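Before any comments, here is the structure.
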Amino acid sequence: LWRFGYSARLLKTNHFRTAASNTSFPAVWMLLAQYSGRIPGLFVVVKKNTFFTMPETVEDKANVELYSPHPEVRGMTLLDREAFKRTVVVPVLKVKKEIVNTLLKSLKHTVLQRPGLKRVVEDPEDEDSRLVILDPHKIPEFSLGESEQEVLKQLDVRPEVSKYNLELTYENFKSEEILRAVLPEGQEVTSGFSRVGHIAHLNLRDHQLPYRHLIGQVIIDKNPGITCVVNKTNIIDSTYRNFQMEVLAGESKLVTKVKENNTAYELDFSKVYWNPRLSTEHGRIIELLKPGDVLFDVFAGIGPFAIPAAKKKCHVFANDLNPESYNWLLHNCKLNKVDNKIKVFNMDGRDFLLGPVREELCKELPLLKEEQKTSFHVVMNLPALAIEFLDVFRHLLVGEPCSTAGLPTVHCYGFSKHDDPAKDIQERAEASLGTSLDGRCSTYLVRNVAPNKEMLCISFQIPADVLYKRPCPEEVKPASKRLCTSKDFSEEKL
């Protein structure tokens with residue numbers, strides 16, 4: 001899972017909150033170092049009378065909410081950046097500036113290593129000195145260990161730990177820290193976050209909706225390049241696979257440009273389907289193709305299978321029912337200079353299979369010779385419905401297969417909530433085809449879509465007894481003359 005563009009390990013911050021409530025200052029820092037990640041652009045404000053030397057034996061109980069925004073922001077629905085200011089205390093060593101680099105190398109395991117946080121700041125009392133911020137969980141109770149003291153002795157540095165005030169502002173907190181402080185305590189902070197060009201796409205839960213505009217603005221603030229945040233307001237249940245959305249923050253510009261596997265695409269995110277989480281799967285299928293192969297893309301969208309295949313010098317037939325997808329597919333073919341290598345259609349998927357696909361197979365399959373290596377691939381990426389289209393292949397062609405090697409390979413996608421999703425997807429495919437695929441298919445887990453819901457791809461070569469309808473004896477013609485005719489094409493019924 002990804003949360004606002006960061007690793008899923010940040011979900012462990014609930015553990016941090018629980019553990020911190022009964023933890024000493026050094027242990028809290030240890031948890032922070034493990035879980036908190038980056039605080040970009042941290043800056044320091046020091047008052048003359050807030051820097052002083054402390055005996056090594058002094059115990060300091062720091063605020064357990066260190067690096068959390070001010071508690072008063074809880075429940076905020078309109079973003080007030082000024083309300084996030086707070087001051088925290090960190091331990092430091094006073095060092096002559098000439099030896100700072102040497103000290104950092106010698107105490108690299110003791111100096112604070114939190115990314116984005118300055119480890120060295122100016123000494124407000126001495127321009128010839130610097131303050132080196134230490135990692136408190138490495139120096140329990142602010143007491144340096146013997147090895148650290150020996151290093152300081154060799155460098156002629158006084159082994160005295162001091163403390164330093166830092167003023168943190170909204171800019172210093174990460175999006176997770178801000179939203180966790182604002183939303184009701186104990187409730188989930190985020191849902192899915194996808195980036196599509198300059199657009200951030202959310203799927204907010206009901207309890208997050210009152211804070212949706214604040215969440216949108218925080219995402220824009222904390223993610224350079226994002227200028228628009230949208231929330232999906234219903235599931236993808238339309239004929240054209242798009243969904244209603246609300247712009248939460250930023251500009252209402254939903255035409256964007258993305259790049260996937262070295263191919264550029266332009267699209268209107270409000271009118272066509274695009275999922276950046278499928279880039280690996282697009283690349284996997286393209287790897288299966290060879291130059292000269294034929295690809296039939298039944299539900300092509302804006303071209304993430306079709307255009308890379310054409311760039312690989314395959315012969316491509318691409319179709320989509322959505323007129324917007326069809327238009328953007330044409331646009332992206334021109335954008336990638338493959339418009340003369342792809343035949344584009346705006347049809348229902350079933351009609352595409354019964355029409356252009358069957359016509360091309362009727363024309364090309366009889367011409368194949370055993371030694372020819374051209375392969376035919378059919379991609380059916382409409383997971384909610386594609387398996388229901390497999391019955392189209394039953395007796396799609398008439399006659400005898402000229403080459404079993406030339407039988408088309410289908411890559412069909414589907415969702416499954418079954419305990420054994422691979423078995424489920426195979427059984428459903430077999431029901432549509434009317435034959436067993438045991439030993440003749442492979443299933444690939446594409447991704448987890450939701451709890452207990454998987455997206456899979458089943459790949460198989462269409463069995464000859466499924467694809468071909470054998471003619472009656474009186475209809476048989478000499479093999480050299482028997483081809484699919486236009487009459488076959490027009491009268492064949494499923």
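Chain labels A, B, ... are given in the sequence in which chains occur in the structure tokens; within each chain residues are numbered consecutively from 1, and ligands are likewise numbered from 1 in the order shown.
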Using only C-alpha atoms, determine which residues lie at most 12 Å from Glu324 in chain A, disregarding the query and same-chain residues fewer than 6 positions distant; provide the list as an MDAnalysis selection string. chainID A and resid 240:242 266:273 300:302 330:331 346
Would you export the selected residues with C-alpha atoms as a CSV table (one decimal), in the first residue's frame, please?
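Final output, result_21.csv:
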chain,number,residue,atom,x,y,z
A,240,TYR,CA,-17.2,3.9,-20.7
A,241,ARG,CA,-15.1,3.0,-17.5
A,242,ASN,CA,-14.8,6.5,-16.2
A,266,GLU,CA,-2.1,12.5,-23.1
A,267,LEU,CA,-5.6,12.2,-21.7
A,268,ASP,CA,-8.6,13.8,-20.0
A,269,PHE,CA,-8.6,12.0,-16.7
A,270,SER,CA,-12.3,12.8,-16.1
A,271,LYS,CA,-13.4,11.1,-19.3
A,272,VAL,CA,-11.1,8.1,-19.9
A,273,TYR,CA,-9.7,5.3,-17.8
A,300,ALA,CA,-7.6,-0.5,-25.7
A,301,GLY,CA,-8.3,2.6,-23.7
A,302,ILE,CA,-5.9,5.3,-24.7
A,330,LEU,CA,-5.9,8.4,-32.1
A,331,HIS,CA,-4.2,11.4,-30.5
A,346,ASN,CA,-14.7,2.6,-32.0
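Residue neighbourhood of range 100-106 of chain A, excluding near-sequence residues (fewer than 3 positions): A:Lys94, A:Val95, A:Lys96, A:Lys97, A:His109, A:Thr110, A:Val111, A:Leu112, A:Arg119, A:Val120, A:Ser129, A:Arg130, A:Leu131, A:Val132, A:Glu148, A:Val151, A:Leu152, A:Leu155, A:Val157, at 10 Å, using only C-alpha atoms.
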Which residues are near Tyr170 in chain A? Cut-off 7 Å, only C-alpha atoms, ignore same chain within fewer than 5 positions. Put them as a PyMOL selection string. chain A and resi 81+84-85
Got time to write the residues from that selection, N, CA, C and O atoms, as a PDB file, in the first residue's frame?
ATOM      1  N   ARG A  81      -2.037  27.353   8.161  1.00  0.00           N
ATOM      2  CA  ARG A  81      -0.652  26.921   8.293  1.00  0.00           C
ATOM      3  C   ARG A  81       0.017  27.477   9.546  1.00  0.00           C
ATOM      4  O   ARG A  81       0.888  26.831  10.131  1.00  0.00           O
ATOM      5  N   PHE A  84       0.285  25.485  12.989  1.00  0.00           N
ATOM      6  CA  PHE A  84       1.126  24.300  13.141  1.00  0.00           C
ATOM      7  C   PHE A  84       2.474  24.594  13.805  1.00  0.00           C
ATOM      8  O   PHE A  84       3.267  23.686  14.028  1.00  0.00           O
ATOM      9  N   LYS A  85       2.736  25.839  14.125  1.00  0.00           N
ATOM     10  CA  LYS A  85       4.027  26.192  14.729  1.00  0.00           C
ATOM     11  C   LYS A  85       4.160  25.609  16.133  1.00  0.00           C
ATOM     12  O   LYS A  85       3.214  25.626  16.914  1.00  0.00           O
TER      13      LYS A  85
END
From A:Leu467, A:Val378, A:Leu166, A:Ile458, residue lying nearest Arg440 in chain A [only C-alpha atoms]: A:Ile458
Skip Lys259 in chain A itself and residues of its chain fewer than 2 positions away, then list as a PDB file with C-alpha atoms, in the first residue's frame all residues within 10 Å of it, counting only C-alpha atoms.
ATOM      1  CA  VAL A 196      -1.568  10.947 -12.971  1.00  0.00           C
ATOM      2  CA  GLY A 197       0.648  13.687 -14.350  1.00  0.00           C
ATOM      3  CA  LYS A 257       0.276  14.015 -19.689  1.00  0.00           C
ATOM      4  CA  ASN A 261       7.594   2.560 -19.932  1.00  0.00           C
ATOM      5  CA  ASN A 262       9.222   5.277 -22.069  1.00  0.00           C
ATOM      6  CA  THR A 263       5.968   6.047 -23.868  1.00  0.00           C
ATOM      7  CA  ALA A 264       4.096   9.352 -23.459  1.00  0.00           C
ATOM      8  CA  TYR A 265       0.317   9.613 -23.288  1.00  0.00           C
ATOM      9  CA  GLU A 266      -2.082  12.524 -23.054  1.00  0.00           C
ATOM     10  CA  PRO A 276      -0.715   4.088 -13.184  1.00  0.00           C
ATOM     11  CA  SER A 279       2.472  -0.064 -15.861  1.00  0.00           C
TER      12      SER A 279
END
Hey, what's within 12 Å of Phe317 in chain A if we count only C-alpha atoms and toss same-chain stuff fewer than 2 positions away? As a PyMOL selection string, please? chain A and resi 293-300+303+305-307+309-310+314-315+319-320+329+339-347+352-353+355-361+376-379
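Computed from the coordinates, the CA of Arg277 in chain A to CA of Val446 in chain A distance equals 9.6 Å.
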Between A:Cys228, A:Ile139, A:Val73, A:Leu365, single out the one closest to Glu177 in chain A, counting only C-alpha atoms. A:Val73
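For the atom pair formed by CA of Leu437 in chain A and CA of Pro383 in chain A, the distance is 19.2 Å, given to one decimal.
Between CA of Ser162 in chain A and CA of His137 in chain A there is a distance of 15.0 Å.
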Point out the residue among A:Val90, A:Leu289, A:Ile178, A:Leu382 with the least atom-to-atom distance to Pro136 in chain A, counting only C-alpha atoms. A:Val90
Please, which residues of range 49-229 of chain A, numbered as in this document, come out strand (DSSP E or B) from DSSP, as a VMD selection string? chain A and resid 52 to 53 86 to 96 111 120 to 122 129 to 134 161 to 168 193 to 196 199 to 202 228 to 229
Taking the chain letters and numbering used in this document, name the residues of range 349-448 of chain A that DSSP puts in helix (DSSP H, G or I), as a ChimeraX atom specification. /A:349-367,386-393,404-406,421-433
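Distance annotation: of A:Ser416, A:Leu78, A:Arg158, A:Thr169, the residue with the minimal separation from Arg212 in chain A is A:Leu78; atom set is only C-alpha atoms.
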